[in-house]
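Student: File follows, structure.cif with mmCIF, C-alpha atoms:
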```cif
data_my_file
loop_
_atom_site.group_PDB
_atom_site.id
_atom_site.type_symbol
_atom_site.label_atom_id
_atom_site.label_comp_id
_atom_site.auth_asym_id
_atom_site.auth_seq_id
_atom_site.Cartn_x
_atom_site.Cartn_y
_atom_site.Cartn_z
ATOM 1 C CA ASN A 1 80.234 113.481 111.006
ATOM 2 C CA THR A 2 83.590 112.306 112.273
ATOM 3 C CA ILE A 3 86.504 114.677 111.748
ATOM 4 C CA LYS A 4 89.080 113.092 109.447
ATOM 5 C CA THR A 5 92.644 113.897 108.494
ATOM 6 C CA ALA A 6 94.370 113.140 105.218
ATOM 7 C CA THR A 7 98.093 113.558 104.563
ATOM 8 C CA VAL A 8 99.105 113.889 100.919
ATOM 9 C CA THR A 9 102.634 114.262 99.568
ATOM 10 C CA VAL A 10 102.993 115.970 96.194
ATOM 11 C CA SER A 11 106.036 115.035 94.108
ATOM 12 C CA SER A 12 108.251 117.500 92.292
ATOM 13 C CA ALA A 13 106.831 116.371 88.937
ATOM 14 C CA GLU A 14 103.272 116.941 90.206
ATOM 15 C CA ILE A 15 104.200 120.422 91.487
ATOM 16 C CA LEU A 16 105.799 121.353 88.167
ATOM 17 C CA SER A 17 102.652 120.259 86.274
ATOM 18 C CA CYS A 18 99.972 121.513 88.694
ATOM 19 C CA ASN A 19 98.907 124.263 86.284
ATOM 20 C CA ALA A 20 98.031 121.898 83.435
ATOM 21 C CA ALA A 21 97.191 118.892 85.634
ATOM 22 C CA PRO A 22 96.000 119.959 89.114
ATOM 23 C CA LYS A 23 97.030 117.455 91.799
ATOM 24 C CA GLN A 24 94.131 115.617 93.463
ATOM 25 C CA LEU A 25 94.323 115.855 97.261
ATOM 26 C CA LEU A 26 90.936 114.250 98.088
ATOM 27 C CA PRO A 27 88.802 112.120 95.746
ATOM 28 C CA ALA A 28 85.301 113.040 94.621
ATOM 29 C CA LEU A 29 82.527 111.833 96.927
ATOM 30 C CA SER A 30 79.393 110.000 95.861
ATOM 31 C CA ALA A 31 76.268 112.047 95.188
ATOM 32 C CA GLY A 32 74.597 113.241 98.384
ATOM 33 C CA ASN A 33 77.878 113.489 100.329
ATOM 34 C CA LEU A 34 79.718 116.789 100.762
ATOM 35 C CA TYR A 35 83.185 117.844 101.946
ATOM 36 C CA GLU A 36 83.687 120.436 104.646
ATOM 37 C CA ILE A 37 87.367 121.348 104.663
ATOM 38 C CA ILE A 38 88.132 122.618 108.160
ATOM 39 C CA SER A 39 91.822 123.443 107.727
ATOM 40 C CA ILE A 40 94.879 122.672 105.650
ATOM 41 C CA ILE A 41 98.567 122.838 106.556
ATOM 42 C CA GLY A 42 101.239 122.891 103.843
ATOM 43 C CA ILE A 43 104.819 121.762 104.324
ATOM 44 C CA ASN A 44 107.407 122.706 101.715
ATOM 45 C CA ASN A 45 110.075 120.002 101.882
ATOM 46 C CA TYR A 46 112.821 122.014 100.173
ATOM 47 C CA GLY A 47 115.130 120.092 97.872
ATOM 48 C CA THR A 48 118.199 121.727 96.339
ATOM 49 C CA ALA A 49 116.475 124.328 94.136
ATOM 50 C CA LYS A 50 113.496 126.572 94.849
ATOM 51 C CA TYR A 51 110.373 126.688 92.713
ATOM 52 C CA GLU A 52 109.561 129.804 90.693
ATOM 53 C CA ALA A 53 105.907 130.701 90.142
ATOM 54 C CA GLY A 54 106.012 134.388 89.213
ATOM 55 C CA THR A 55 103.755 136.114 91.722
ATOM 56 C CA ASP A 56 101.080 133.415 91.748
ATOM 57 C CA LYS A 57 99.671 131.750 94.847
ATOM 58 C CA LEU A 58 99.013 128.041 95.337
ATOM 59 C CA GLU A 59 95.274 127.340 95.393
ATOM 60 C CA ILE A 60 93.383 124.521 97.089
ATOM 61 C CA ARG A 61 90.118 124.256 95.220
ATOM 62 C CA TYR A 62 87.298 122.020 94.111
ATOM 63 C CA GLU A 63 87.656 120.651 90.583
ATOM 64 C CA THR A 64 84.965 123.142 89.542
ATOM 65 C CA GLY A 65 87.414 125.950 90.288
ATOM 66 C CA ASP A 66 85.947 127.196 93.600
ATOM 67 C CA THR A 67 89.039 128.100 95.646
ATOM 68 C CA MET A 68 88.737 127.417 99.383
ATOM 69 C CA PHE A 69 92.293 128.036 100.612
ATOM 70 C CA GLU A 70 95.471 129.526 99.246
ATOM 71 C CA PHE A 71 99.144 129.518 100.113
ATOM 72 C CA PRO A 72 101.209 132.641 99.381
ATOM 73 C CA ASN A 73 103.889 132.799 96.740
ATOM 74 C CA ALA A 74 106.465 132.731 99.565
ATOM 75 C CA PHE A 75 105.358 129.164 100.358
ATOM 76 C CA ILE A 76 105.929 127.984 96.779
ATOM 77 C CA GLU A 77 109.254 129.796 96.416
ATOM 78 C CA ALA A 78 110.703 129.021 99.863
ATOM 79 C CA THR A 79 114.458 128.420 100.008
ATOM 80 C CA ALA A 80 114.294 126.158 103.092
ATOM 81 C CA ASP A 81 111.827 123.754 104.683
ATOM 82 C CA CYS A 82 108.757 125.657 105.913
ATOM 83 C CA VAL A 83 105.224 125.134 107.217
ATOM 84 C CA TYR A 84 102.257 127.363 106.344
ATOM 85 C CA ARG A 85 98.580 127.303 107.257
ATOM 86 C CA GLY A 86 96.262 127.645 104.264
ATOM 87 C CA LEU A 87 94.422 130.964 104.232
ATOM 88 C CA VAL A 88 90.639 130.741 103.845
ATOM 89 C CA THR A 89 89.543 132.534 100.682
ATOM 90 C CA THR A 90 85.784 131.995 100.709
ATOM 91 C CA GLU A 91 82.782 131.304 102.874
ATOM 92 C CA ALA A 92 81.984 127.649 103.501
ATOM 93 C CA ILE A 93 81.449 125.739 100.283
ATOM 94 C CA LEU A 94 80.182 122.191 100.580
ATOM 95 C CA ILE A 95 80.448 120.069 97.454
ATOM 96 C CA GLU A 96 81.104 116.457 96.467
ATOM 97 C CA LYS A 97 83.773 117.296 93.848
ATOM 98 C CA LYS A 98 87.404 116.288 94.311
ATOM 99 C CA VAL A 99 89.767 118.655 96.121
ATOM 100 C CA GLU A 100 92.874 119.652 94.179
ATOM 101 C CA MET A 101 96.047 121.766 94.275
ATOM 102 C CA TYR A 102 96.457 124.324 91.465
ATOM 103 C CA CYS A 103 98.708 127.246 90.513
ATOM 104 C CA ALA A 104 97.772 129.841 87.855
ATOM 105 C CA SER A 105 101.239 129.529 86.318
ATOM 106 C CA ALA A 106 103.286 126.381 86.042
ATOM 107 C CA PRO A 107 106.012 126.404 88.730
ATOM 108 C CA THR A 108 109.504 125.865 87.328
ATOM 109 C CA THR A 109 113.024 124.899 88.426
ATOM 110 C CA GLY A 110 112.233 123.409 91.859
ATOM 111 C CA ASN A 111 112.858 119.863 93.034
ATOM 112 C CA GLY A 112 111.419 119.486 96.545
ATOM 113 C CA THR A 113 108.047 118.081 97.583
ATOM 114 C CA PHE A 114 104.967 119.509 99.282
ATOM 115 C CA THR A 115 103.030 117.694 102.004
ATOM 116 C CA PHE A 116 99.486 118.737 102.901
ATOM 117 C CA VAL A 117 97.626 117.788 106.071
ATOM 118 C CA ILE A 118 93.908 118.285 105.480
ATOM 119 C CA THR A 119 91.357 118.226 108.302
ATOM 120 C CA TYR A 120 87.815 117.694 107.032
ATOM 121 C CA ARG A 121 84.368 116.205 107.529
ATOM 122 C CA GLU A 122 82.029 114.472 105.125
ATOM 123 C CA HIS A 123 78.342 115.354 105.354
ATOM 124 C CA ALA A 124 75.466 113.274 104.008
ATOM 125 C CA VAL A 125 72.612 115.420 102.743
#
```
Represent the structure of the file as structure tokens.
Tutor:
Amino acid sequence: NTIKTATVTVSSAEILSCNAAPKQLLPALSAGNLYEIISIIGINNYGTAKYEAGTDKLEIRYETGDTMFEFPNAFIEATADCVYRGLVTTEAILIEKKVEMYCASAPTTGNGTFTFVITYREHAV
């Protein structure tokens, strides 16, 4: 069970559509293999306009909708480059489904990118 790290950059277009089309951060695993997400760091690479997402948070979840981590609205709507640690929202969930970024409302007006650094393990069961 080697600890792995994945770095994923999310484009402005993918951020703006993450409500209707959640952005995949890690692919689904084959049956019998499970993800254990240890931590996630989010970097908001501010462009020239901030995103607006009402009061919604950014969720890191399995494609089934089980949210593991979230980033506060202040992360989404930052007006300068910033780095946040994802806040754990649930007890350990191990599942083979893909890991994705989602927001309950579609962010608007922004033009920067997000980068996520995900530390995880894969378990064979």
Student: CA of Thr64 in chain A to CA of Val99 in chain A: how many Å, to one decimal?
Tutor: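 CA of Val99 in chain A lies at a distance of 9.3 Å from CA of Thr64 in chain A.
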Student: Which residues, written as an mmCIF file with C-alpha atoms, keeping the file's coordinate frame, have at least one atom at most 7 Å from range 20-27 of chain A, with all atoms listed in the file counted and residues fewer than 5 positions away on the same chain left out?
Tutor:
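Saved result, result-v1.cif, follows:
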```
data_model
loop_
_atom_site.group_PDB
_atom_site.id
_atom_site.type_symbol
_atom_site.label_atom_id
_atom_site.label_comp_id
_atom_site.auth_asym_id
_atom_site.auth_seq_id
_atom_site.Cartn_x
_atom_site.Cartn_y
_atom_site.Cartn_z
ATOM 1 C CA VAL A 8 99.105 113.889 100.919
ATOM 2 C CA GLU A 14 103.272 116.941 90.206
ATOM 3 C CA LYS A 98 87.404 116.288 94.311
ATOM 4 C CA VAL A 99 89.767 118.655 96.121
ATOM 5 C CA GLU A 100 92.874 119.652 94.179
ATOM 6 C CA MET A 101 96.047 121.766 94.275
ATOM 7 C CA TYR A 102 96.457 124.324 91.465
#
```
Student: To verify the selection step, state as a list in words which residues the PyMOL selection byres ((chain A and resi 5) around 6) yields on this input.
Tutor: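 Applying the expression gives Lys4, Ala6, Ile118 and Thr119 of chain A.
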Student: Could you tell me, as a PDB file with C-alpha atoms, keeping the file's coordinate frame, which residues have any atom at most 10 Å from (103.0, 128.8, 97.2), counting all atoms listed in the file?
Tutor:
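Written out: selection17.pdb:
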```pdb
ATOM      1  CA  GLY A  42     101.239 122.891 103.843  1.00  0.00           C
ATOM      2  CA  ASN A  44     107.407 122.706 101.715  1.00  0.00           C
ATOM      3  CA  TYR A  51     110.373 126.688  92.713  1.00  0.00           C
ATOM      4  CA  GLU A  52     109.561 129.804  90.693  1.00  0.00           C
ATOM      5  CA  ALA A  53     105.907 130.701  90.142  1.00  0.00           C
ATOM      6  CA  THR A  55     103.755 136.114  91.722  1.00  0.00           C
ATOM      7  CA  ASP A  56     101.080 133.415  91.748  1.00  0.00           C
ATOM      8  CA  LYS A  57      99.671 131.750  94.847  1.00  0.00           C
ATOM      9  CA  LEU A  58      99.013 128.041  95.337  1.00  0.00           C
ATOM     10  CA  GLU A  59      95.274 127.340  95.393  1.00  0.00           C
ATOM     11  CA  GLU A  70      95.471 129.526  99.246  1.00  0.00           C
ATOM     12  CA  PHE A  71      99.144 129.518 100.113  1.00  0.00           C
ATOM     13  CA  PRO A  72     101.209 132.641  99.381  1.00  0.00           C
ATOM     14  CA  ASN A  73     103.889 132.799  96.740  1.00  0.00           C
ATOM     15  CA  ALA A  74     106.465 132.731  99.565  1.00  0.00           C
ATOM     16  CA  PHE A  75     105.358 129.164 100.358  1.00  0.00           C
ATOM     17  CA  ILE A  76     105.929 127.984  96.779  1.00  0.00           C
ATOM     18  CA  GLU A  77     109.254 129.796  96.416  1.00  0.00           C
ATOM     19  CA  ALA A  78     110.703 129.021  99.863  1.00  0.00           C
ATOM     20  CA  TYR A  84     102.257 127.363 106.344  1.00  0.00           C
ATOM     21  CA  GLY A  86      96.262 127.645 104.264  1.00  0.00           C
ATOM     22  CA  TYR A 102      96.457 124.324  91.465  1.00  0.00           C
ATOM     23  CA  CYS A 103      98.708 127.246  90.513  1.00  0.00           C
ATOM     24  CA  PRO A 107     106.012 126.404  88.730  1.00  0.00           C
ATOM     25  CA  PHE A 114     104.967 119.509  99.282  1.00  0.00           C
TER      26      PHE A 114
END
```
Student: Could you list, as a list in words, every residue within 8 Å of Thr67 in chain A, counting only C-alpha atoms and ignoring same-chain residues fewer than 5 positions away?
Tutor: Glu59, Ile60, Arg61, Tyr62, Thr89 and Thr90 of chain A
Student: Just so the selection is clear, what residues does the PyMOL selection byres ((chain A and resi 96) around 8) cover here, as a list of chain:residue names?
Tutor: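 Evaluating the PyMOL selection byres ((chain A and resi 96) around 8) on these coordinates yields A:Ala28, A:Leu29, A:Ser30, A:Ala31, A:Gly32, A:Asn33, A:Leu34, A:Tyr35, A:Leu94, A:Ile95, A:Lys97, A:Lys98.
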Student: Give me, please, the distance in Å between CA of Val125 in chain A and CA of Ile3 in chain A, quoted to one decimal.
Tutor: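 CA of Ile3 in chain A lies at a distance of 16.6 Å from CA of Val125 in chain A.
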Student: Calculate, to one decimal in Å, the centre and edge lengths of the box along x, y and z of the file that holds all listed atoms of range 48-61 of chain A with 6 Å of margin on each side, and present them as AutoDock Vina command-line options.
Tutor:
```
--center_x 104.2 --center_y 128.9 --center_z 93.2 --size_x 40.1 --size_y 26.4 --size_z 19.9
```
Student: Can you measure CA of Glu36 in chain A to CA of Ala124 in chain A for me? One decimal in Å is fine.
Tutor: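 CA of Ala124 in chain A lies at a distance of 10.9 Å from CA of Glu36 in chain A.
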